[in-house]
Protein chains: 2
Amino acid sequence: MAIAKKIKSSLSNSSMIRKMFEEGIAMKKKHGADKVYDFSLGNPNVEPPENFKKELKKIAEEIIHNKHGYMPNAGYPETRQAVAAKINKTHGLKLDSDHIVMSCGAGGALNVIFKSLLDPKDEVIVPVPFFMEYNAYIGNYDGVLRKVNTKEDFSLDVAAIAAALNDKTKAVLINSPNNPTGKVYSEKNIADLARMLVKKSKELKKAIYLVSDEPYSEIVYDKVKVPNIFSFYKNSIIAYSYSKTLSLPGERIGYIAVNPEIEDADELVSALIMCTRICGFVNAPAMMQRVVARLQNTKVEVNVYKRKRDMLCSGLKKAGYRFEKPQGAFYLFVKSPIPDDMKFVKKLLEKNILVVPGSAFACPGYFRIAYCVDDATIINSMQGFAEAITECG
Amino acid sequence: MAIAKKIKSSLSNSSMIRKMFEEGIAMKKKHGADKVYDFSLGNPNVEPPENFKKELKKIAEEIIHNKHGYMPNAGYPETRQAVAAKINKTHGLKLDSDHIVMSCGAGGALNVIFKSLLDPKDEVIVPVPFFMEYNAYIGNYDGVLRKVNTKEDFSLDVAAIAAALNDKTKAVLINSPNNPTGKVYSEKNIADLARMLVKKSKELKKAIYLVSDEPYSEIVYDKVKVPNIFSFYKNSIIAYSYSKTLSLPGERIGYIAVNPEIEDADELVSALIMCTRICGFVNAPAMMQRVVARLQNTKVEVNVYKRKRDMLCSGLKKAGYRFEKPQGAFYLFVKSPIPDDMKFVKKLLEKNILVVPGSAFACPGYFRIAYCVDDATIINSMQGFAEAITECG
């Protein structure tokens with residue numbers, strides 16, 4: 001056999017999200033793009049901000065020595081400095097550039113973090129539902145993903161996390177605003193989690209890391225605030241991406257931020273830098289590093305997503321669907337009208353509607369709508385959504 | 001302890017090349033850039049071609065739908081098509097876009113390849129000397145790097161490779177033009193290797209993959225040709241990067257090319273695409289994919305490197321150094337005048353000359369000069385080189 005055994009067995013249950021995305025491309029070719037309602041992938045349809053385009057053009061024209069060459073694996077010092085300054089200003093913290101390692105998006109960041117932290121069989125606790133790539137990112141380093149349920153409203157169930165903690169636990173991985181639920185964990189929820197982790201770390205006599213995956217932290221509605229975990233818990237690490245903030249997920253640019261108070265900070269940062277190198281990322285793409293250094297205060301027009309959310313929520317509510325209204329990100333996690341979410345997703349497919357089943361987030365009985373799409377897609381899909389729930393009723 | 005045990009132990013013997021590079025930055029700050037002769041890193045000093053700059057500006061200005069968004073994990077179909085067409089035209093082959101997976105440079109490509117191929121304890125044979133990151137790239141997937149010596153002139157010792165092959169061998173990894181020697185394996189050398197691999201695959205009743213790391217394939221001198229391994233051996237895979245061809249190593253853009261004749265081609269390509277996703281690369285940077293699609297026939301001015309090579313070789317020869325004249329890449333691998341290469345590298349450091357010891361390429365008794373530097377660096381270093389050999393003589 002040619003390929004690795006583990007890879008062969010993963011191939012068959014490869015990402016449902018990506019399968020839907022590629023199915024969508026095929027369907028659009030067949031039926032015409034305006035006849036297919038593709039809510040499968042978190043591929044922002046909102047254009048990057050004007051500022052981004054302006055800076056990109058400027059940088060493309062500027063004469064800079066060694067503009068596209070290697071830099072230190074952690075990234076350009078000035079980019080790391082700009083990122084640290086932005087975090088400090090927003091959250092009243094005291095990071096310096098040494099606490100930032102530029103990454104190839106949040107996916108790259110999480111791989112570098114887990115490569116740095118995990119010994120074989122170390123456990124990472126992840127609240128359900130979650131982005132299924134976490135399975136791979138943790139498994140890549142022979143770690144074990146341990147699922148823990150969230151509460152009915154998708155907030156963290158701190159007692160359940162406490163019960164799952166044990167000698168093998170290396171980290172808790174949270175994602176807020178959440179994919180797929182759009183939930184933003186409240187300050188109180190994070191404070192409770194932090195308090196419990198402090199207590200449990202003492203009991204277990206080991207550091208338990210809180211890793212927060214935050215690509216959506218700038219995409220929040222209704223004046224909701226995303227609490228910064230650094231203010232609550234010292235052994236904490238943030239994985240961030242500009243994919244959503246600036247609408248450039250194809251460019252693979254993000255960062256890892258390390259709490260300045262973290263245990264053995266120097267050693268951890270050295271590990272993160274080395275793992276950036278040895279995992280084959282080498283460094284975050286040079287030109288995009290230059291761009292984001294200048295765009296720390298720029299983001300896409302979040303109100304556009306808010307309008308889409310409101311349109312979608314009101315339409316689906318009218319049709320009889322049940323869901324928690326998302327506070328951030330651009331996902332809506334809807335209760336499937338029938339228990340079998342795979343079956344319902346197929347029903348929606350008959351209406352040319354592509355969504356992702358909750359099973360793809362370890363949470364059967366739901367489906368995810370990525371509403372980072374044209375308004376027309378939302379409006380024109382409503383009839384199909386209404387028909388599907390009626391036909392299953 | 002915070003970080004993973006394996007990572008902790010690697011931290012102390014982290015890349016000597018990168019250490020030298022960072023040492024160089026520090027020394028330049030102290031002594032002034034023109035007083036430090038930094039030959040440590042393969043960071044091309046030759047500017048990207050004018051065509052690259054032109055296309056980059058054009059793409060920055062063009063209005064393209066979803067310009068910076070996600071695309072299929074393998075890359076843009078038109079980029080993959082352009083790459084396949086270029087390979088076909090150059091080597092008279094018949095690849096189509098399905099045989100190409102765009103990657104985050106050659107480092108990303110090799111990680112994706114080994115993640116796809118290696119089961120734990122699978123062996124990869126690597127001729128010495130070699131780029132030490134191979135240790136990490138193979139070890140990342142619990143593979144075992146098995147060293148095999150090359151001949152006196154650094155050509156492949158096919159008999160030695162044959163002797164090292166066994167039931168655990170999954171692949172042979174070659175790198176031509178070679179880092180650190182600048183050697184280009186001849187057509188005969190590759191044909192001999194291929195013939196032996198065919199025979200041994202039959203004996204061992206298993207596919208043995210020939211993986212060729214070729215970031216320097218466009219940087220060759222004196223009308224030397226780099227044979228395309230696809231014409232010689234069916235179970236072959238190429239890892240390529242535009243880092244050197246277009247002078248943009250910081251941008252992380254390259255590709256994996258799979259021989260259309262390879263066993264289970266579809267399954268292997270699916271694995272490569274999936275591993276691109278799950279390793280956290282997700283896709284090669286979008287904008288650079290668009291750029292390279294248009295620059296398949298563009299490369300840096302290779303004569304500039306040739307001139308530097310000749311200048312360096314003639315100077316060092318005069319000073320009494322011994323080496324094989326490189327046929328490609330921009331490295332010169334010089335015999336250390338004393339057996340202890342680490343000691344000699346320190347001697348050169350006293351002269352403000354930074355080179356990398358052969359030990360960093362599993363080949364003690366040599367040192368590597370990366371001559372992708374200003375002419376002045378070469379010229380002004382000559383006195384130091386001469387003094388160092390005299391003082392050690």
# chains A, B, ... in the order shown; residues from 1 in each chain; ligands from 1
call {"tool": "residues_around", "arguments": {"residues": "Gln327 (chain B)", "least_positions_apart": "4", "cutoff": "7 Å", "atoms": "only C-alpha atoms", "output": "PDB file with C-alpha atoms, in the first residue's frame"}}
result
ATOM      1  CA  GLY B 182      25.811  22.419  -5.289  1.00  0.00           C
ATOM      2  CA  LYS B 183      26.054  18.984  -6.940  1.00  0.00           C
ATOM      3  CA  VAL B 184      23.641  18.189  -9.794  1.00  0.00           C
ATOM      4  CA  VAL B 220      22.240  25.795 -12.613  1.00  0.00           C
ATOM      5  CA  TYR B 221      25.396  26.855 -14.417  1.00  0.00           C
ATOM      6  CA  VAL B 224      24.230  21.680 -16.818  1.00  0.00           C
TER       7      VAL B 224
END
call {"tool": "residues_around", "arguments": {"residues": "Thr377 (chain B)", "least_positions_apart": "5", "cutoff": "8 Å", "atoms": "only C-alpha atoms", "output": "VMD selection string"}}
result
chain B and resid 34 36 to 38
call {"tool": "write_last_selection", "arguments": {"atoms": "C-alpha atoms", "output": "mmCIF file, in the first residue's frame"}}
result
data_model
loop_
_atom_site.group_PDB
_atom_site.id
_atom_site.type_symbol
_atom_site.label_atom_id
_atom_site.label_comp_id
_atom_site.auth_asym_id
_atom_site.auth_seq_id
_atom_site.Cartn_x
_atom_site.Cartn_y
_atom_site.Cartn_z
ATOM 1 C CA ASP B 34 29.745 46.053 5.883
ATOM 2 C CA VAL B 36 30.410 41.276 8.762
ATOM 3 C CA TYR B 37 30.610 38.648 6.012
ATOM 4 C CA ASP B 38 27.471 36.621 6.454
#
call {"tool": "calpha_fit_and_write", "arguments": {"fixed": "chain A", "moving": "chain B", "output": "short mmCIF file (atom, residue, chain, number, x, y, z; two decimals) with C-alpha atoms, in the first residue's frame"}}
result
data_model
loop_
_atom_site.label_atom_id
_atom_site.label_comp_id
_atom_site.auth_asym_id
_atom_site.auth_seq_id
_atom_site.Cartn_x
_atom_site.Cartn_y
_atom_site.Cartn_z
CA MET B 1 0.01 -0.05 -0.04
CA ALA B 2 1.25 3.40 -0.94
CA ILE B 3 0.13 5.86 1.70
CA ALA B 4 0.39 5.76 5.48
CA LYS B 5 -2.20 3.55 7.22
CA LYS B 6 -3.50 6.33 9.44
CA ILE B 7 -3.92 8.63 6.45
CA LYS B 8 -5.72 5.92 4.47
CA SER B 9 -8.28 5.46 7.17
CA SER B 10 -8.79 9.23 7.53
CA LEU B 11 -9.27 9.70 3.81
CA SER B 12 -12.70 8.12 3.82
CA ASN B 13 -14.08 10.40 6.55
CA SER B 14 -12.33 13.49 5.29
CA SER B 15 -13.80 16.91 6.04
CA MET B 16 -17.53 17.08 5.39
CA ILE B 17 -17.22 20.85 5.20
CA ARG B 18 -14.74 20.65 2.37
CA LYS B 19 -16.81 17.93 0.66
CA MET B 20 -19.84 20.21 0.75
CA PHE B 21 -17.71 23.09 -0.57
CA GLU B 22 -16.52 21.00 -3.53
CA GLU B 23 -20.06 19.61 -4.04
CA GLY B 24 -21.20 23.23 -4.17
CA ILE B 25 -18.71 24.07 -6.92
CA ALA B 26 -19.99 21.10 -8.93
CA MET B 27 -23.67 21.95 -8.35
CA LYS B 28 -23.12 25.57 -9.38
CA LYS B 29 -21.59 24.40 -12.64
CA LYS B 30 -24.62 22.22 -13.26
CA HIS B 31 -27.50 24.42 -12.12
CA GLY B 32 -25.97 27.91 -12.38
CA ALA B 33 -24.51 29.78 -9.40
CA ASP B 34 -27.72 31.70 -8.62
CA LYS B 35 -29.72 28.47 -8.30
CA VAL B 36 -27.49 26.95 -5.61
CA TYR B 37 -27.57 28.22 -2.02
CA ASP B 38 -24.16 27.36 -0.68
CA PHE B 39 -23.84 27.88 3.09
CA SER B 40 -21.12 25.26 3.50
CA LEU B 41 -17.82 27.08 3.98
CA GLY B 42 -16.64 29.95 6.15
CA ASN B 43 -15.26 31.73 3.11
CA PRO B 44 -16.10 35.40 3.75
CA ASN B 45 -17.99 37.05 0.90
CA VAL B 46 -17.41 40.50 2.37
CA GLU B 47 -14.60 42.27 0.51
CA PRO B 48 -11.36 43.05 2.35
CA PRO B 49 -11.43 46.62 3.71
CA GLU B 50 -10.38 49.48 1.40
CA ASN B 51 -7.39 50.11 3.69
CA PHE B 52 -6.16 46.61 3.04
CA LYS B 53 -6.31 47.07 -0.70
CA LYS B 54 -4.52 50.41 -0.39
CA GLU B 55 -1.70 49.07 1.76
CA LEU B 56 -1.33 45.98 -0.39
CA LYS B 57 -0.84 48.15 -3.49
CA LYS B 58 1.58 50.39 -1.62
CA ILE B 59 3.66 47.48 -0.43
CA ALA B 60 3.65 45.94 -3.91
CA GLU B 61 5.13 49.20 -5.18
CA GLU B 62 7.53 50.07 -2.36
CA ILE B 63 11.21 49.41 -2.74
CA ILE B 64 12.23 47.50 0.37
CA HIS B 65 15.48 45.62 0.77
CA ASN B 66 14.94 41.85 0.81
CA LYS B 67 11.19 42.45 0.59
CA HIS B 68 10.21 38.82 0.00
CA GLY B 69 13.14 37.13 1.73
CA TYR B 70 13.49 35.10 4.88
CA MET B 71 13.15 36.85 8.20
CA PRO B 72 13.47 35.35 11.70
CA ASN B 73 11.11 32.35 11.94
CA ALA B 74 8.93 34.20 14.45
CA GLY B 75 8.24 36.95 11.92
CA TYR B 76 9.28 40.55 11.34
CA PRO B 77 10.07 42.33 14.63
CA GLU B 78 7.94 45.31 13.57
CA THR B 79 4.94 43.11 12.81
CA ARG B 80 5.24 41.32 16.15
CA GLN B 81 5.57 44.70 17.83
CA ALA B 82 2.45 46.05 16.13
CA VAL B 83 0.45 42.98 17.16
CA ALA B 84 1.59 43.23 20.79
CA ALA B 85 0.76 46.95 20.88
CA LYS B 86 -2.74 46.32 19.55
CA ILE B 87 -3.46 43.65 22.16
CA ASN B 88 -2.08 45.86 24.92
CA LYS B 89 -4.17 48.82 23.83
CA THR B 90 -7.38 46.82 23.52
CA HIS B 91 -7.07 44.84 26.73
CA GLY B 92 -4.74 46.89 28.96
CA LEU B 93 -2.03 44.23 28.92
CA LYS B 94 1.76 44.28 28.77
CA LEU B 95 2.92 42.02 25.96
CA ASP B 96 6.00 42.80 23.99
CA SER B 97 7.03 41.51 20.59
CA ASP B 98 8.66 38.44 22.18
CA HIS B 99 5.21 37.17 23.13
CA ILE B 100 4.07 37.04 19.52
CA VAL B 101 4.94 34.43 16.90
CA MET B 102 3.49 35.09 13.46
CA SER B 103 1.76 32.07 11.93
CA CYS B 104 0.21 30.66 8.77
CA GLY B 105 -3.33 31.43 9.93
CA ALA B 106 -5.00 29.95 13.01
CA GLY B 107 -4.68 26.43 11.57
CA GLY B 108 -0.92 26.88 11.42
CA ALA B 109 -0.91 28.48 14.86
CA LEU B 110 -2.78 25.58 16.49
CA ASN B 111 -0.50 23.00 14.89
CA VAL B 112 2.57 24.82 16.14
CA ILE B 113 1.05 25.14 19.63
CA PHE B 114 0.13 21.45 19.88
CA LYS B 115 3.45 20.33 18.39
CA SER B 116 5.14 22.41 21.11
CA LEU B 117 2.98 21.20 23.99
CA LEU B 118 1.85 17.64 23.45
CA ASP B 119 3.57 14.44 24.41
CA PRO B 120 1.95 11.26 23.09
CA LYS B 121 -1.39 10.51 24.83
CA ASP B 122 -1.61 13.96 26.39
CA GLU B 123 -5.24 15.02 26.46
CA VAL B 124 -6.80 18.20 25.19
CA ILE B 125 -10.31 18.98 26.41
CA VAL B 126 -12.61 20.46 23.78
CA PRO B 127 -16.19 21.63 24.35
CA VAL B 128 -18.79 20.24 21.92
CA PRO B 129 -19.68 21.29 19.26
CA PHE B 130 -16.30 22.09 17.75
CA PHE B 131 -14.51 22.62 14.45
CA MET B 132 -13.61 19.07 13.44
CA GLU B 133 -10.12 19.95 12.24
CA TYR B 134 -9.22 20.03 15.94
CA ASN B 135 -9.28 16.24 15.80
CA ALA B 136 -6.51 16.30 13.23
CA TYR B 137 -4.53 19.14 14.82
CA ILE B 138 -4.39 17.29 18.14
CA GLY B 139 -3.98 13.85 16.58
CA ASN B 140 -1.06 15.06 14.45
CA TYR B 141 1.03 15.08 17.64
CA ASP B 142 -0.46 11.88 19.06
CA GLY B 143 -2.58 13.84 21.51
CA VAL B 144 -6.09 12.74 22.47
CA LEU B 145 -9.10 15.01 22.01
CA ARG B 146 -11.46 14.65 24.95
CA LYS B 147 -14.96 15.95 24.24
CA VAL B 148 -16.96 17.74 26.91
CA ASN B 149 -20.53 18.87 26.47
CA THR B 150 -21.55 22.50 26.67
CA LYS B 151 -24.73 23.80 28.27
CA GLU B 152 -28.05 24.09 26.44
CA ASP B 153 -27.12 27.63 25.29
CA PHE B 154 -23.64 26.43 24.20
CA SER B 155 -21.87 28.22 27.07
CA LEU B 156 -18.99 26.40 28.78
CA ASP B 157 -20.01 23.78 31.32
CA VAL B 158 -17.20 24.41 33.80
CA ALA B 159 -18.23 21.53 36.06
CA ALA B 160 -18.15 19.14 33.12
CA ILE B 161 -14.68 20.35 32.14
CA ALA B 162 -13.53 19.96 35.75
CA ALA B 163 -14.82 16.40 35.78
CA ALA B 164 -12.90 15.57 32.60
CA LEU B 165 -9.57 16.93 33.85
CA ASN B 166 -7.00 14.33 34.85
CA ASP B 167 -3.29 13.55 35.02
CA LYS B 168 -3.07 13.33 31.24
CA THR B 169 -4.70 16.71 30.56
CA LYS B 170 -2.30 19.15 28.94
CA ALA B 171 -4.71 21.78 27.67
CA VAL B 172 -8.26 23.01 27.30
CA LEU B 173 -9.05 24.35 23.84
CA ILE B 174 -11.82 26.89 23.50
CA ASN B 175 -13.08 28.82 20.49
CA SER B 176 -14.98 32.05 21.03
CA PRO B 177 -16.81 33.41 19.10
CA ASN B 178 -17.55 29.81 18.36
CA ASN B 179 -17.62 27.87 15.14
CA PRO B 180 -20.28 26.46 14.63
CA THR B 181 -22.56 28.11 17.23
CA GLY B 182 -21.61 31.80 17.11
CA LYS B 183 -21.53 31.73 20.92
CA VAL B 184 -19.28 34.24 22.72
CA TYR B 185 -18.27 33.03 26.17
CA SER B 186 -19.13 35.67 28.76
CA GLU B 187 -16.66 37.21 31.15
CA LYS B 188 -18.27 35.29 33.98
CA ASN B 189 -18.06 32.01 32.09
CA ILE B 190 -14.34 32.56 31.37
CA ALA B 191 -13.67 33.69 34.95
CA ASP B 192 -15.34 30.55 36.30
CA LEU B 193 -13.31 28.39 33.96
CA ALA B 194 -10.09 30.15 34.97
CA ARG B 195 -10.82 29.79 38.67
CA MET B 196 -11.51 26.10 38.26
CA LEU B 197 -8.32 25.60 36.20
CA VAL B 198 -6.19 27.34 38.84
CA LYS B 199 -7.64 25.08 41.52
CA LYS B 200 -7.28 21.91 39.46
CA SER B 201 -3.72 22.76 38.37
CA LYS B 202 -2.78 22.93 42.02
CA GLU B 203 -4.53 19.65 42.82
CA LEU B 204 -2.98 17.86 39.87
CA LYS B 205 0.36 19.61 40.44
CA LYS B 206 0.79 20.47 36.76
CA ALA B 207 0.28 23.32 34.34
CA ILE B 208 -2.94 23.08 32.37
CA TYR B 209 -2.87 25.36 29.35
CA LEU B 210 -5.88 27.29 28.15
CA VAL B 211 -5.62 27.62 24.38
CA SER B 212 -8.08 29.99 22.76
CA ASP B 213 -8.72 29.82 19.04
CA GLU B 214 -9.94 33.31 18.13
CA PRO B 215 -10.18 33.92 14.41
CA TYR B 216 -13.62 35.47 14.93
CA SER B 217 -12.80 37.75 17.85
CA GLU B 218 -13.37 40.89 15.76
CA ILE B 219 -16.65 39.62 14.30
CA VAL B 220 -19.16 40.27 17.11
CA TYR B 221 -22.57 41.91 17.24
CA ASP B 222 -24.84 43.85 19.58
CA LYS B 223 -21.92 45.36 21.53
CA VAL B 224 -20.92 41.94 22.83
CA LYS B 225 -17.32 41.89 24.07
CA VAL B 226 -14.94 38.95 23.75
CA PRO B 227 -13.08 38.73 27.07
CA ASN B 228 -9.31 38.37 26.70
CA ILE B 229 -8.27 35.16 28.42
CA PHE B 230 -4.88 36.62 29.40
CA SER B 231 -6.64 38.80 32.00
CA PHE B 232 -8.13 35.73 33.64
CA TYR B 233 -5.62 32.88 33.47
CA LYS B 234 -1.85 32.98 33.31
CA ASN B 235 -1.11 29.71 31.48
CA SER B 236 -2.90 30.84 28.36
CA ILE B 237 -2.14 31.04 24.65
CA ILE B 238 -4.16 32.65 21.86
CA ALA B 239 -4.28 31.48 18.23
CA TYR B 240 -5.45 34.27 15.96
CA SER B 241 -6.02 34.69 12.24
CA TYR B 242 -6.67 37.72 10.05
CA SER B 243 -8.72 35.47 7.74
CA LYS B 244 -12.03 36.81 8.95
CA THR B 245 -11.02 40.22 10.31
CA LEU B 246 -9.63 41.25 6.91
CA SER B 247 -11.43 38.70 4.68
CA LEU B 248 -8.32 36.92 3.46
CA PRO B 249 -8.49 33.27 4.54
CA GLY B 250 -6.58 32.15 1.45
CA GLU B 251 -3.52 34.19 2.44
CA ARG B 252 -2.70 32.20 5.60
CA ILE B 253 -1.73 34.93 8.02
CA GLY B 254 -2.24 34.96 11.77
CA TYR B 255 -0.31 34.79 15.01
CA ILE B 256 0.25 33.02 18.32
CA ALA B 257 0.16 35.25 21.42
CA VAL B 258 1.58 33.95 24.68
CA ASN B 259 0.54 35.31 28.06
CA PRO B 260 3.58 37.16 29.49
CA GLU B 261 2.80 35.55 32.86
CA ILE B 262 2.87 31.99 31.49
CA GLU B 263 5.19 29.45 33.15
CA ASP B 264 8.57 29.12 31.42
CA ALA B 265 7.61 31.75 28.87
CA ASP B 266 11.02 31.88 27.19
CA GLU B 267 11.21 28.17 26.70
CA LEU B 268 7.67 27.99 25.36
CA VAL B 269 8.25 30.81 22.88
CA SER B 270 11.50 29.16 21.73
CA ALA B 271 9.55 25.94 21.21
CA LEU B 272 6.84 27.74 19.22
CA ILE B 273 9.46 29.36 17.00
CA MET B 274 11.30 26.10 16.45
CA CYS B 275 8.06 24.26 15.68
CA THR B 276 7.11 26.96 13.16
CA ARG B 277 10.35 26.04 11.42
CA ILE B 278 10.33 22.25 11.71
CA CYS B 279 6.67 21.77 10.84
CA GLY B 280 7.59 23.26 7.46
CA PHE B 281 5.80 26.57 7.82
CA VAL B 282 9.23 28.25 8.22
CA ASN B 283 7.54 31.62 8.63
CA ALA B 284 4.20 33.34 8.01
CA PRO B 285 4.02 34.72 4.45
CA ALA B 286 6.30 37.79 4.27
CA MET B 287 4.19 40.24 2.34
CA MET B 288 1.06 39.60 4.38
CA GLN B 289 3.12 40.14 7.54
CA ARG B 290 4.03 43.57 6.19
CA VAL B 291 0.40 44.30 5.37
CA VAL B 292 -1.11 43.32 8.72
CA ALA B 293 1.56 45.29 10.60
CA ARG B 294 -0.08 48.40 9.15
CA LEU B 295 -3.68 47.30 9.60
CA GLN B 296 -4.00 46.60 13.31
CA ASN B 297 -6.97 48.92 13.56
CA THR B 298 -8.74 47.86 10.40
CA LYS B 299 -11.49 45.31 10.01
CA VAL B 300 -14.26 44.38 7.64
CA GLU B 301 -17.65 46.01 7.94
CA VAL B 302 -19.15 43.82 10.67
CA ASN B 303 -22.59 45.34 10.23
CA VAL B 304 -22.86 43.59 6.91
CA TYR B 305 -22.67 40.24 8.68
CA LYS B 306 -25.05 41.45 11.37
CA ARG B 307 -27.63 42.29 8.71
CA LYS B 308 -27.23 38.86 7.18
CA ARG B 309 -27.56 37.23 10.58
CA ASP B 310 -30.77 39.12 11.31
CA MET B 311 -32.24 38.38 7.92
CA LEU B 312 -31.45 34.69 8.21
CA CYS B 313 -32.64 34.38 11.82
CA SER B 314 -35.94 36.10 11.16
CA GLY B 315 -36.59 34.04 8.03
CA LEU B 316 -35.76 30.72 9.63
CA LYS B 317 -37.72 31.55 12.78
CA LYS B 318 -40.77 32.30 10.66
CA ALA B 319 -40.32 28.94 8.90
CA GLY B 320 -40.32 27.22 12.29
CA TYR B 321 -36.64 26.49 12.87
CA ARG B 322 -35.14 26.61 16.37
CA PHE B 323 -31.70 28.01 17.26
CA GLU B 324 -29.67 30.22 19.63
CA LYS B 325 -29.14 33.63 18.04
CA PRO B 326 -25.37 33.91 17.39
CA GLN B 327 -23.42 36.73 19.06
CA GLY B 328 -20.42 36.54 16.80
CA ALA B 329 -18.71 34.77 13.86
CA PHE B 330 -20.89 34.15 10.83
CA TYR B 331 -22.42 30.80 11.65
CA LEU B 332 -25.86 29.78 12.76
CA PHE B 333 -26.25 26.37 14.40
CA VAL B 334 -29.79 25.22 13.86
CA LYS B 335 -31.67 22.38 15.51
CA SER B 336 -32.52 19.80 12.87
CA PRO B 337 -36.33 19.37 12.63
CA ILE B 338 -35.74 15.60 12.58
CA PRO B 339 -33.21 13.84 14.84
CA ASP B 340 -31.15 12.56 11.89
CA ASP B 341 -29.21 15.67 10.81
CA MET B 342 -27.56 13.84 7.90
CA LYS B 343 -30.97 13.00 6.52
CA PHE B 344 -32.17 16.57 6.90
CA VAL B 345 -29.05 17.93 5.22
CA LYS B 346 -29.85 15.67 2.27
CA LYS B 347 -33.38 17.01 2.23
CA LEU B 348 -31.96 20.54 2.02
CA LEU B 349 -29.68 19.40 -0.80
CA GLU B 350 -32.81 18.52 -2.78
CA LYS B 351 -33.67 22.21 -2.47
CA ASN B 352 -30.16 23.11 -3.74
CA ILE B 353 -29.24 24.26 -0.23
CA LEU B 354 -25.82 23.26 1.08
CA VAL B 355 -25.26 23.27 4.84
CA VAL B 356 -23.03 21.14 7.07
CA PRO B 357 -24.52 18.50 9.39
CA GLY B 358 -23.94 18.88 13.13
CA SER B 359 -22.32 15.45 13.06
CA ALA B 360 -19.36 17.20 11.40
CA PHE B 361 -18.98 19.13 14.65
CA ALA B 362 -19.44 16.10 16.92
CA CYS B 363 -22.97 17.34 17.57
CA PRO B 364 -25.66 15.37 15.72
CA GLY B 365 -29.18 16.75 15.59
CA TYR B 366 -28.09 20.18 14.33
CA PHE B 367 -26.82 21.73 11.12
CA ARG B 368 -24.54 24.70 10.47
CA ILE B 369 -25.31 27.58 8.16
CA ALA B 370 -22.30 29.75 7.20
CA TYR B 371 -24.00 33.05 6.39
CA CYS B 372 -20.94 34.81 4.95
CA VAL B 373 -22.78 34.78 1.61
CA ASP B 374 -24.61 37.20 -0.67
CA ASP B 375 -27.90 38.55 0.59
CA ALA B 376 -29.55 37.00 -2.46
CA THR B 377 -28.39 33.55 -1.37
CA ILE B 378 -30.15 34.04 1.97
CA ILE B 379 -33.32 35.53 0.49
CA ASN B 380 -33.68 33.00 -2.31
CA SER B 381 -33.00 30.02 -0.07
CA MET B 382 -35.88 30.79 2.25
CA GLN B 383 -38.48 28.98 0.21
CA GLY B 384 -36.33 25.82 0.17
CA PHE B 385 -35.77 26.01 3.91
CA ALA B 386 -39.53 26.39 4.45
CA GLU B 387 -40.37 23.50 2.15
CA ALA B 388 -37.78 21.23 3.78
CA ILE B 389 -39.14 21.68 7.30
CA THR B 390 -42.70 21.25 6.10
CA GLU B 391 -41.90 18.08 4.19
CA CYS B 392 -40.18 16.63 7.27
CA GLY B 393 -42.86 17.80 9.72
#
